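Reviewing the structure listed below.
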Amino acid sequence: MIQRSNGSGRRILTYPAVHPCEAIAPQTLLTSLIALTRNICSFKPKFMASNARNAREIIRQVGVVRVFLDEVRDGSLGLPASAVLSLSELHLAFQKVQFLLEDLARDDARVWMLMNSSLVASQFRILSRAMGTAIDVLPLGSVSAAVEVKEHVELVARQARKAGYEVDPDDIRVASAVWSVLSGFQKRVVPGVGDLKRVLEFLGIRKWSKCEKQVKFLDSEIVLENLSEEKREVALLSSLKGLMCYCRCVLFDVVDGEPGRRSETKRGGGEAVGCFNLEDFRCPISLEIMADPVTVATGQSYDRCSIAKWFRAGNFICPKTGEKLKNTEVVPNLALKRLIQQHCFENGGAFADSGHRNRDIGRARLAVAGSLADEGAMKMVAEFLNGRLAVGTVEEQNKAAYEIRLLTKTSIFNRSCLVEAGVVPHLLKLLCSADSVTQENAIASLLNISKYSKSKAVIVENGGLNLMVDVLKKGLKSEARQHAAGTLFYLASIEEYRRLIGENADAIPALMVLIKDGTDKAKKNALVAIFGLLTRPANHRRVIAAGVVPLLVHVLTSFDSEALVMHALEILSTLAEKADGSIAILHCKALDSIVGILNSSIPRAGKEFCVSLLLALCVNGSGDVVALLAKSPSLMGSLYSQLSEGTSRASRKASSLIRVLHEFHERSSGSISPVLPQERFVHVR
């Protein structure tokens with residue numbers, strides 16, 4: 001059965017067929033070919049957005065060939081070796097036919113397949129002629145099959161070479177209507193509702209969820225297309241995404257098919273700050289985010305260019321495990337590559353493209369639209385949603401907030417359009433809603449919008465800061481409180497707003513409650529919000545006075561989440577840079593926990609925080625700190641490992657801490673005169 005979705009990592013309208021091995025046994029090839037034709041002939045999709053007639057025709061031709069192949073398999077003469085070449089070419093063509101049919105059956109790519117109907121028809125024509133040519137060179141006289149079957153397959157070969165495979169007139173008509181709407185978007189002409197509904201009806205898009213599927217597909221294709229050198233399809237993909245977003249927002253009143261219907265509680269994505277551990281995406285050789293991850297024989301994954309250099313240098317062991325490799329073959333890790341792309345796209349990271357480090361992920365990350373049509377569509381959508389927020393019913397306001405939440409998740413341009421349209425004051429009013437879902441959608445939208453630089457002033461000037469703290473304290477759902485913490489983190493990037501947040505008597509205590517009782521995502525957002533406040537000295541004192549340090553030490557000892565431990569260490573290492581912070585940490589008796597984490601398998605960024613923290617405690621604490629650390633039998637080994645394996649900063653600090661410990665041992669043996677840590681290492685940063 002042909003799969004209706006593409007889970008293999010193959011891009012749509014690409015045909016990575018594999019030519020059968022030259023040494024393949026004729027009977028093995030025949031069996032594989034029959035299985036392939038059976039799969040193609042079983043293709044009965046519920047819907048095809050274009051080229052339905054062409055698909056039926058090529059399936060008919062493959063069916064005739066299948067009958068012939070069944071006869072050959074069951075015949076007494078078997079298959080001569082001279083037939084392998086032609087059957088191999090037939091196998092190659094049929095693989096591509098299967099790929100093409102898979103693409104036509106995709107539920108999420110209907111509008112894209114419609115707009116590529118001419119290309120698809122052309123591909124059908126090419127594959128049909130390849131099939132005809134392969135049959136022509138087949139030595140029919142040497143195979144065992146009925147005369148009627150041979151005549152029939154010869155007829156199909158002639159038809160395959162001459163078949164026109166023209167684009168269906170209905171496909172041309174509807175595609176022309178889409179082009180007309182896109183042209184109107186460029187001129188800021190509002191499309192007719194009737195025209196849009198006719199297009200969607202032709203595509204079988206009758207629900208909000210079907211429309212959203214098209215948007216997600218186009219979004220992912222834009223990411224991939226921006227990673228290519230040519231970027232030929234970015235403009236059309238962006239235009240079609242703008243069209244589908246417009247239809248989703250304007251034509252559908254009910255959100256169906258989403259978890260919670262109106263809420264994104266289970267969807268994940270960019271609303272939790274730093275959801276992923278980047279260390280998992282780094283190449284063990286280069287320590288950079290992998291652009292083209294491949295897997296070697298031991299099952300370990302590396303960036304292709306890094307492992308290739310490793311092999312060229314004459315190394316034939318696995319760099320990570322030390323095992324001797326049976327071979328130097330590598331297999332693309334498409335699943336990992338997709339995860340890396342998605343993480344970078346949703347979290348604003350850079351994707352390490354081969355030979356082009358730090359390339360931005362897609363136009364969606366930039367503050368410009370992907371095309372003029374996309375720009376026009378988004379500006380009209382922003383005006384429409386702003387109107388719904390201003391004068392709509394409760395349901396319409398909630399749906400508008402949800403749409404804004406989706407639109408602002410990754411696109412800076414969308415955020416700018418919505419801020420300029422005036423949605424921020426209306427969203428702030430919805431924070432006081434008695435409906436928990438409406439409140440959550442509004443605060444999640446504001447979290448996404450707050451990532452746009454010009455939005456922060458608009459939020460604060462409209463009283464948003466106090467409203468955020470209110471939601472942080474009394475939000476109707478834990479998700480709303482989580483998003484409020486994330487929004488405070490982004491607002492705290494402005495010095496004046498850091499001051500205002502710190503001076504709000506409820507802000508830091510509310511963040512502490514979230515760290516104590518929230519979900520892991522909520523705790524993470526609260527931790528990074530507190531970290532964002534620390535660059536202001538007054539906030540440093542407020543955080544210590546509020547009792548945050550014992551809470552952070554508890555996070556270190558609970559080991560609930562590696563990511564939470566990392567964030568807690570980062571805050572503690574920052575607090576320890578000043579004497580009052582070091583005293584508060586030492587008062588909680590955290591030394592053993594910190595050393596234990598340094599000795600663990602925590603990612604190297606966490607180890608750097610541990611080394612920085614321990615050094616700061618030695619510098620700002622009493623001499624007892626050094627004495628206690630000197631008694632740890634495993635500490636010195638961990639510090640020496642940081643000299644070679646850690647970051648440059650971790651290496652420098654580890655070197656300084658090693659000197660402190662060595663001097664303590666020498667002083668203890670009476671070989672040198674005492675030197676206080678504060679006097680010798682205050683310069684280390």
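Labeling convention for the structure tokens: chains A, B, ... as they appear, residues from 1 per chain, ligands from 1 in order of appearance.
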
Write out as a PyMOL selection string the set of residues from region 31-175 of chain A that DSSP, computed on the backbone, places in alpha helix (DSSP H). chain A and resi 31-41+52-74+84-105+110-115+117-136+147-162+169-175

To one decimal place in Å, what is the distance between CA of Ala390 (chain A) and CA of Gly463 (chain A)?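 The value is 17.5 Å.
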
List the neighbours of region 214-229 of chain A out to 7 Å using only C-alpha atoms; skip same-chain residues closer than 4 positions along the sequence, and give me the result as a list in words.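 After dropping sequence-adjacent residues, the list is Asp108, Ala109, Lys210, Glu233, Val234, Leu237, Lys241, Met244, Cys245, Ile361 and Gly362 of chain A.
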
Within 8 Å of Asn448 (chain A), counting only C-alpha atoms, which residues show up once you throw out same-chain ones fewer than 6 positions away? Write them as a ChimeraX atom specification, please. /A:271,405,408-410,415,487

The selected residues should be written to file as a PDB file, in the first residue's frame (atoms: C-alpha atoms).
```pdb
ATOM      1  CA  GLU A 271       6.566  29.142  23.806  1.00  0.00           C
ATOM      2  CA  ARG A 405      -0.672  32.834  18.742  1.00  0.00           C
ATOM      3  CA  THR A 408       3.546  34.895  15.809  1.00  0.00           C
ATOM      4  CA  LYS A 409       5.169  31.630  16.829  1.00  0.00           C
ATOM      5  CA  THR A 410       8.128  31.888  14.437  1.00  0.00           C
ATOM      6  CA  ARG A 415       4.765  39.957  14.751  1.00  0.00           C
ATOM      7  CA  THR A 487       7.160  37.235  28.573  1.00  0.00           C
TER       8      THR A 487
END
```

If you measure from CA of Trp112 (chain A) to CA of Arg38 (chain A), what distance in Å do you get, rounded to one decimal? 27.6 Å

Excluding same-chain residues fewer than 6 positions from region 183-194 of chain A, what lies within 12 Å of it counting only C-alpha atoms, as an mmCIF file with N, CA and C atoms, in the first residue's frame?
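The resulting file, result.cif, is shown below:
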```cif
data_model
loop_
_atom_site.group_PDB
_atom_site.id
_atom_site.type_symbol
_atom_site.label_atom_id
_atom_site.label_comp_id
_atom_site.auth_asym_id
_atom_site.auth_seq_id
_atom_site.Cartn_x
_atom_site.Cartn_y
_atom_site.Cartn_z
ATOM 1 N N SER A 176 -5.301 29.022 -11.939
ATOM 2 C CA SER A 176 -5.381 30.403 -12.425
ATOM 3 C C SER A 176 -6.105 31.289 -11.418
ATOM 4 N N ALA A 177 -7.139 30.732 -10.777
ATOM 5 C CA ALA A 177 -7.857 31.488 -9.750
ATOM 6 C C ALA A 177 -6.951 31.800 -8.563
ATOM 7 N N LEU A 200 -11.014 26.358 -2.233
ATOM 8 C CA LEU A 200 -10.906 25.402 -1.133
ATOM 9 C C LEU A 200 -11.783 24.176 -1.359
ATOM 10 N N GLU A 201 -12.948 24.387 -1.942
ATOM 11 C CA GLU A 201 -13.831 23.262 -2.229
ATOM 12 C C GLU A 201 -13.183 22.321 -3.243
ATOM 13 N N LEU A 236 7.000 31.524 -4.090
ATOM 14 C CA LEU A 236 5.706 30.867 -4.299
ATOM 15 C C LEU A 236 5.238 30.183 -3.022
ATOM 16 N N SER A 239 3.963 32.831 -0.723
ATOM 17 C CA SER A 239 2.690 33.376 -1.195
ATOM 18 C C SER A 239 1.541 32.436 -0.870
ATOM 19 N N LEU A 240 1.754 31.148 -1.113
ATOM 20 C CA LEU A 240 0.703 30.170 -0.831
ATOM 21 C C LEU A 240 0.461 30.044 0.674
ATOM 22 N N GLY A 242 0.778 32.515 2.759
ATOM 23 C CA GLY A 242 -0.024 33.689 3.067
ATOM 24 C C GLY A 242 -1.487 33.485 2.716
ATOM 25 N N LEU A 243 -1.734 32.861 1.566
ATOM 26 C CA LEU A 243 -3.107 32.562 1.139
ATOM 27 C C LEU A 243 -3.797 31.634 2.127
ATOM 28 N N TYR A 246 -4.563 33.337 5.378
ATOM 29 C CA TYR A 246 -5.716 34.233 5.204
ATOM 30 C C TYR A 246 -7.009 33.431 5.251
ATOM 31 N N CYS A 247 -7.053 32.332 4.517
ATOM 32 C CA CYS A 247 -8.258 31.494 4.501
ATOM 33 C C CYS A 247 -8.547 30.920 5.884
ATOM 34 N N VAL A 250 -9.859 33.908 8.114
ATOM 35 C CA VAL A 250 -11.044 34.657 7.685
ATOM 36 C C VAL A 250 -12.246 33.756 7.416
ATOM 37 N N LEU A 251 -12.027 32.586 6.848
ATOM 38 C CA LEU A 251 -13.148 31.776 6.365
ATOM 39 C C LEU A 251 -13.680 30.772 7.383
ATOM 40 N N PHE A 252 -12.875 30.398 8.351
ATOM 41 C CA PHE A 252 -13.294 29.348 9.285
ATOM 42 C C PHE A 252 -13.544 29.939 10.668
ATOM 43 N N ALA A 369 8.722 39.752 4.599
ATOM 44 C CA ALA A 369 7.894 38.663 4.088
ATOM 45 C C ALA A 369 8.656 37.898 3.018
ATOM 46 N N SER A 371 7.423 37.060 0.159
ATOM 47 C CA SER A 371 7.014 37.540 -1.157
ATOM 48 C C SER A 371 6.069 38.716 -0.964
ATOM 49 N N LEU A 372 5.805 39.445 -2.041
ATOM 50 C CA LEU A 372 4.869 40.572 -1.958
ATOM 51 C C LEU A 372 3.458 40.094 -1.639
ATOM 52 N N ALA A 373 3.080 38.949 -2.192
ATOM 53 C CA ALA A 373 1.746 38.415 -1.913
ATOM 54 C C ALA A 373 1.632 38.012 -0.445
ATOM 55 N N ASP A 374 2.669 37.399 0.086
ATOM 56 C CA ASP A 374 2.684 37.025 1.499
ATOM 57 C C ASP A 374 2.562 38.268 2.374
ATOM 58 N N GLU A 375 3.279 39.320 2.007
ATOM 59 C CA GLU A 375 3.227 40.574 2.765
ATOM 60 C C GLU A 375 1.819 41.166 2.755
ATOM 61 N N GLY A 376 1.211 41.239 1.562
ATOM 62 C CA GLY A 376 -0.133 41.797 1.460
ATOM 63 C C GLY A 376 -1.152 40.973 2.229
ATOM 64 N N ALA A 377 -1.050 39.644 2.121
ATOM 65 C CA ALA A 377 -1.991 38.769 2.820
ATOM 66 C C ALA A 377 -1.864 38.935 4.327
ATOM 67 N N MET A 378 -0.617 39.001 4.830
ATOM 68 C CA MET A 378 -0.422 39.090 6.275
ATOM 69 C C MET A 378 -0.934 40.418 6.820
ATOM 70 N N LYS A 379 -0.745 41.495 6.082
ATOM 71 C CA LYS A 379 -1.233 42.795 6.560
ATOM 72 C C LYS A 379 -2.757 42.820 6.609
ATOM 73 N N MET A 380 -3.400 42.186 5.650
ATOM 74 C CA MET A 380 -4.864 42.120 5.673
ATOM 75 C C MET A 380 -5.352 41.210 6.791
ATOM 76 N N VAL A 381 -4.640 40.122 7.038
ATOM 77 C CA VAL A 381 -4.993 39.237 8.150
ATOM 78 C C VAL A 381 -4.867 39.985 9.475
ATOM 79 N N GLU A 383 -5.146 43.182 10.071
ATOM 80 C CA GLU A 383 -6.256 44.126 10.212
ATOM 81 C C GLU A 383 -7.547 43.401 10.568
ATOM 82 N N PHE A 384 -7.767 42.242 9.948
ATOM 83 C CA PHE A 384 -8.977 41.469 10.229
ATOM 84 C C PHE A 384 -8.992 40.999 11.683
#
```

List as a PyMOL selection string the protein and nucleic acid residues near Phe281 (chain A), meaning an atom at most 9 Å away when only C-alpha atoms are counted, but skip any in the same chain fewer than 3 places from it. chain A and resi 277-278+287-290+293+336-337+339-340

Could you check which of A:Lys521, A:Arg173, A:Arg652, A:Lys631 is closest to Val199 (chain A), using only C-alpha atoms?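 Nearest candidate to Val199 (chain A) out of A:Lys521, A:Arg173, A:Arg652, A:Lys631: A:Arg173.
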
Filtered DSSP result for region 217-342 of chain A, state strand (DSSP E), as number ranges by chain: A: 293-295, 301-303, 331-332

Separation of CA of Tyr640 (chain A) from CA of Val549 (chain A), in Å and rounded to one decimal: 28.4 Å

Pick the closest to Leu127 (chain A) from A:Val97, A:Met113, A:Val660, A:Cys41: which is it, counting only C-alpha atoms?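 Of A:Val97, A:Met113, A:Val660, A:Cys41, the one nearest Leu127 (chain A), counting only C-alpha atoms, is A:Val97.
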
Leu488 (chain A) surroundings by only C-alpha atoms, 8 Å radius, close-in-sequence under 6 positions cut, as a list in words: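 Once the nearby chain positions are removed, what remains is Leu465, Met468, Ile501 and Ala529 of chain A.
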
Resulting file, chosen residues, N, CA and C atoms, as a CSV table (one decimal), in the first residue's frame:
```csv
chain,number,residue,atom,x,y,z
A,465,LEU,N,3.0,45.4,31.9
A,465,LEU,CA,4.0,44.7,32.9
A,465,LEU,C,3.2,44.3,34.1
A,468,MET,N,1.1,41.3,33.4
A,468,MET,CA,1.9,40.1,33.3
A,468,MET,C,2.1,39.5,34.7
A,501,ILE,N,10.4,45.7,36.6
A,501,ILE,CA,10.1,44.3,37.1
A,501,ILE,C,10.6,44.1,38.5
A,529,ALA,N,13.8,33.9,33.5
A,529,ALA,CA,13.3,35.3,33.8
A,529,ALA,C,14.1,35.9,34.9
```

A:Pro603, A:Gly486, A:Gly532, A:Gly132: which is nearest Val65 (chain A), counting only C-alpha atoms? A:Gly132
